[in-house]
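Visitor: Sharing a structure, written as structure tokens. Questions coming.
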Amino acid sequence: MFKFLMEMPPRDGLRFIVTKESGNPDKHESTATGTPSGSERRKVIEWIARVARTVRSLELPPHLLKHISNIVLATNKRYGDCESVSEKEITATRLFVSDYLDYPLGPRAAIQLGRAAKAIRGQGDAAIAA
């Protein structure tokens, strides 16, 4: 088993990756639904596709993007790149990271956090509920 150790991209690069990979509301993205074997399966697949399109169409607010990038950068011990975080919070974060984390989070974790934040934000959307 191999683990590639790659340097964490800079803050703006990380934010670009999260924004790009969590979906751009200005671009239409098609979703493959596969070949369903029955009407119930077809309904579920269509619902999942509708949820995915809805989540991708939502914009990730800048304050959530900042928070997500702070989390990922802090797990990589890049405390100086974190924004709007006090020295007291940085000290507590350093202790947490050293005591509880063996591996830092990467851009893919940031992408999934962004998608999760968008999904939670849009959970009341009629397109998801329908």
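Scheme for the structure tokens: letters A, B, ... for chains in order shown; per-chain residue numbers from 1; ligand numbers from 1 in order shown.
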Quick one: contact table of segment 30-81 of chain A to segment 91-99 of chain A, 9 Å max, nearest atom pair and distance in Å to one decimal per residue, counting only C-alpha atoms, chain and number order, as a Markdown table?
Guide:
```
| residue | atom | partner | partner_atom | distance |
| --- | --- | --- | --- | --- |
| A:Ala74 | CA | A:Thr93 | CA | 7.2 |
| A:Thr75 | CA | A:Val97 | CA | 6.1 |
| A:Asn76 | CA | A:Val97 | CA | 8.7 |
| A:Lys77 | CA | A:Arg94 | CA | 7.5 |
| A:Tyr79 | CA | A:Arg94 | CA | 8.3 |
```
Visitor: Put those residues in a file: all heavy atoms, as a short mmCIF file (atom, residue, chain, number, x, y, z; two decimals), in the first residue's frame.
Guide:
```
data_model
loop_
_atom_site.label_atom_id
_atom_site.label_comp_id
_atom_site.auth_asym_id
_atom_site.auth_seq_id
_atom_site.Cartn_x
_atom_site.Cartn_y
_atom_site.Cartn_z
N ALA A 74 -5.85 23.78 8.89
CA ALA A 74 -5.41 23.54 10.26
C ALA A 74 -4.98 22.09 10.45
O ALA A 74 -4.00 21.83 11.15
CB ALA A 74 -6.51 23.90 11.25
N THR A 75 -5.68 21.14 9.83
CA THR A 75 -5.26 19.74 9.99
C THR A 75 -3.93 19.47 9.30
O THR A 75 -3.28 18.47 9.59
CB THR A 75 -6.32 18.74 9.44
OG1 THR A 75 -6.42 18.87 8.03
CG2 THR A 75 -7.66 18.95 10.11
N ASN A 76 -3.53 20.37 8.40
CA ASN A 76 -2.23 20.29 7.74
C ASN A 76 -1.19 21.17 8.42
O ASN A 76 -0.12 21.42 7.88
CB ASN A 76 -2.37 20.69 6.27
CG ASN A 76 -3.02 19.62 5.45
OD1 ASN A 76 -2.34 18.74 4.94
ND2 ASN A 76 -4.34 19.65 5.34
N LYS A 77 -1.54 21.66 9.59
CA LYS A 77 -0.66 22.52 10.40
C LYS A 77 -0.26 23.79 9.66
O LYS A 77 0.82 24.32 9.84
CB LYS A 77 0.55 21.74 10.89
CG LYS A 77 0.15 20.56 11.75
CD LYS A 77 1.32 19.76 12.23
CE LYS A 77 0.80 18.58 13.04
NZ LYS A 77 1.84 17.68 13.46
N TYR A 79 -1.49 26.84 10.08
CA TYR A 79 -2.25 27.77 10.91
C TYR A 79 -2.16 29.21 10.41
O TYR A 79 -3.11 29.97 10.54
CB TYR A 79 -1.79 27.68 12.36
CG TYR A 79 -1.83 26.26 12.89
CD1 TYR A 79 -0.66 25.56 13.14
CD2 TYR A 79 -3.04 25.62 13.12
CE1 TYR A 79 -0.69 24.26 13.61
CE2 TYR A 79 -3.08 24.32 13.59
CZ TYR A 79 -1.90 23.64 13.83
OH TYR A 79 -1.94 22.35 14.29
#
```
Visitor: According to DSSP computed on the backbone, where in segment 50-117 of chain A is there helix (DSSP H, G or I)? Give the residues as an MDAnalysis selection string.
Guide: chainID A and resid 50:57 62:75 79:81 87:100 107:117
Visitor: For segment 108-111 of chain A, list every protein, DNA or RNA residue within 7 Å, evaluated using only C-alpha atoms, and leave out those in the same chain fewer than 2 positions away; present the list as an MDAnalysis selection string.
Guide: chainID A and resid 18 21:22 68:69 72 105:106 113:115
Visitor: Can those selected residues be exported to a file as a PDB file, in the first residue's frame so that it contains N, CA and C atoms?
Guide:
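Dumped to result-v2.pdb:
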```
ATOM      1  N   VAL A  18     -12.473  23.452  -4.159  1.00  0.00           N
ATOM      2  CA  VAL A  18     -13.758  23.170  -3.509  1.00  0.00           C
ATOM      3  C   VAL A  18     -14.905  23.756  -4.327  1.00  0.00           C
ATOM      4  N   GLU A  21     -15.229  21.703  -7.708  1.00  0.00           N
ATOM      5  CA  GLU A  21     -15.663  20.318  -7.576  1.00  0.00           C
ATOM      6  C   GLU A  21     -17.006  20.138  -6.883  1.00  0.00           C
ATOM      7  N   SER A  22     -17.453  21.140  -6.119  1.00  0.00           N
ATOM      8  CA  SER A  22     -18.754  20.997  -5.463  1.00  0.00           C
ATOM      9  C   SER A  22     -19.882  21.475  -6.362  1.00  0.00           C
ATOM     10  N   ILE A  68     -14.474  25.950   5.973  1.00  0.00           N
ATOM     11  CA  ILE A  68     -14.000  24.660   5.460  1.00  0.00           C
ATOM     12  C   ILE A  68     -12.501  24.715   5.175  1.00  0.00           C
ATOM     13  N   SER A  69     -12.056  25.778   4.516  1.00  0.00           N
ATOM     14  CA  SER A  69     -10.619  25.870   4.217  1.00  0.00           C
ATOM     15  C   SER A  69      -9.815  25.994   5.510  1.00  0.00           C
ATOM     16  N   VAL A  72      -9.452  22.391   6.963  1.00  0.00           N
ATOM     17  CA  VAL A  72      -8.504  21.566   6.206  1.00  0.00           C
ATOM     18  C   VAL A  72      -7.074  22.076   6.377  1.00  0.00           C
ATOM     19  N   LEU A 105      -6.390  16.335   6.598  1.00  0.00           N
ATOM     20  CA  LEU A 105      -7.418  16.321   5.563  1.00  0.00           C
ATOM     21  C   LEU A 105      -6.838  16.910   4.284  1.00  0.00           C
ATOM     22  N   GLY A 106      -7.381  16.501   3.161  1.00  0.00           N
ATOM     23  CA  GLY A 106      -6.915  17.000   1.881  1.00  0.00           C
ATOM     24  C   GLY A 106      -8.024  17.699   1.118  1.00  0.00           C
ATOM     25  N   LEU A 113     -16.914  18.300   2.368  1.00  0.00           N
ATOM     26  CA  LEU A 113     -17.467  19.210   3.374  1.00  0.00           C
ATOM     27  C   LEU A 113     -18.295  20.308   2.700  1.00  0.00           C
ATOM     28  N   GLY A 114     -17.799  20.813   1.568  1.00  0.00           N
ATOM     29  CA  GLY A 114     -18.541  21.826   0.821  1.00  0.00           C
ATOM     30  C   GLY A 114     -19.862  21.282   0.301  1.00  0.00           C
ATOM     31  N   ARG A 115     -19.841  20.078  -0.246  1.00  0.00           N
ATOM     32  CA  ARG A 115     -21.087  19.470  -0.740  1.00  0.00           C
ATOM     33  C   ARG A 115     -22.061  19.210   0.405  1.00  0.00           C
TER      34      ARG A 115
END
```
Visitor: Can you work out the spacing between atom CA of Tyr100 of chain A and atom CA of His63 of chain A in Å, to one decimal?
Guide: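 If I compute the distance from atom CA of Tyr100 of chain A to atom CA of His63 of chain A, I get 25.7 Å.
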Visitor: Any idea what's packed within 9 Å of Lys118 of chain A, counting only C-alpha atoms, ignoring anything in its chain fewer than 5 positions away? Could you give it as an mmCIF file with N, CA, C and O atoms, in the first residue's frame?
Guide:
```
data_model
loop_
_atom_site.group_PDB
_atom_site.id
_atom_site.type_symbol
_atom_site.label_atom_id
_atom_site.label_comp_id
_atom_site.auth_asym_id
_atom_site.auth_seq_id
_atom_site.Cartn_x
_atom_site.Cartn_y
_atom_site.Cartn_z
ATOM 1 N N SER A 22 -17.453 21.140 -6.119
ATOM 2 C CA SER A 22 -18.754 20.997 -5.463
ATOM 3 C C SER A 22 -19.882 21.475 -6.362
ATOM 4 O O SER A 22 -21.040 21.427 -5.982
ATOM 5 N N VAL A 55 -28.257 20.146 -5.157
ATOM 6 C CA VAL A 55 -27.106 20.466 -4.307
ATOM 7 C C VAL A 55 -26.034 21.176 -5.120
ATOM 8 O O VAL A 55 -25.483 22.186 -4.690
ATOM 9 N N ARG A 56 -25.752 20.680 -6.309
ATOM 10 C CA ARG A 56 -24.727 21.310 -7.142
ATOM 11 C C ARG A 56 -25.127 22.717 -7.577
ATOM 12 O O ARG A 56 -24.275 23.567 -7.804
ATOM 13 N N LEU A 58 -26.694 24.924 -5.794
ATOM 14 C CA LEU A 58 -26.615 25.877 -4.690
ATOM 15 C C LEU A 58 -25.226 26.498 -4.619
ATOM 16 O O LEU A 58 -24.232 25.839 -4.915
ATOM 17 N N GLU A 59 -25.183 27.733 -4.210
ATOM 18 C CA GLU A 59 -23.901 28.409 -4.034
ATOM 19 C C GLU A 59 -23.400 28.168 -2.618
ATOM 20 O O GLU A 59 -24.177 28.201 -1.660
ATOM 21 N N LEU A 60 -22.119 27.914 -2.481
ATOM 22 C CA LEU A 60 -21.502 27.761 -1.171
ATOM 23 C C LEU A 60 -21.160 29.160 -0.662
ATOM 24 O O LEU A 60 -20.337 29.850 -1.261
ATOM 25 N N PRO A 61 -21.805 29.600 0.420
ATOM 26 C CA PRO A 61 -21.545 30.953 0.923
ATOM 27 C C PRO A 61 -20.075 31.141 1.300
ATOM 28 O O PRO A 61 -19.431 30.207 1.792
ATOM 29 N N LEU A 113 -16.914 18.300 2.368
ATOM 30 C CA LEU A 113 -17.467 19.210 3.374
ATOM 31 C C LEU A 113 -18.295 20.308 2.700
ATOM 32 O O LEU A 113 -19.363 20.683 3.195
ATOM 33 N N GLN A 123 -31.647 21.601 2.317
ATOM 34 C CA GLN A 123 -32.501 20.458 2.665
ATOM 35 C C GLN A 123 -33.990 20.772 2.655
ATOM 36 O O GLN A 123 -34.798 19.886 2.477
#
```
Visitor: Kindly give the distance, in Å, that separates atom CA of Gln112 of chain A and atom CA of Cys82 of chain A, rounded to a single decimal.
Guide: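 Atom CA of Gln112 of chain A sits 19.1 Å away from atom CA of Cys82 of chain A.
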Visitor: Can you work out which one of A:Arg11, A:Arg53, A:His67, A:Arg41 has the shortest atom-to-atom distance to Gly80 of chain A, counting only C-alpha atoms?
Guide: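 Nearest candidate to Gly80 of chain A out of A:Arg11, A:Arg53, A:His67, A:Arg41: A:Arg11.
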Visitor: Which residue, A:Ala52, A:Val44, A:Leu14, A:Glu83, has the smallest gap to Ala116 of chain A when you use only C-alpha atoms?
Guide: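 Checking each candidate against Ala116 of chain A, we get A:Ala52 as the closest.
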Visitor: Closest to Asp12 of chain A among A:Ala117, A:Ile45, A:Val51, A:Leu73, using only C-alpha atoms?
Guide: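 The closest residue to Asp12 of chain A is A:Leu73.
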Visitor: Ranking A:Arg15, A:Ala119, A:Tyr103, A:Gly23 by minimum distance to Lys66 of chain A and counting only C-alpha atoms, which one comes first?
Guide: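 Distance minimum relative to Lys66 of chain A lands on A:Arg15.
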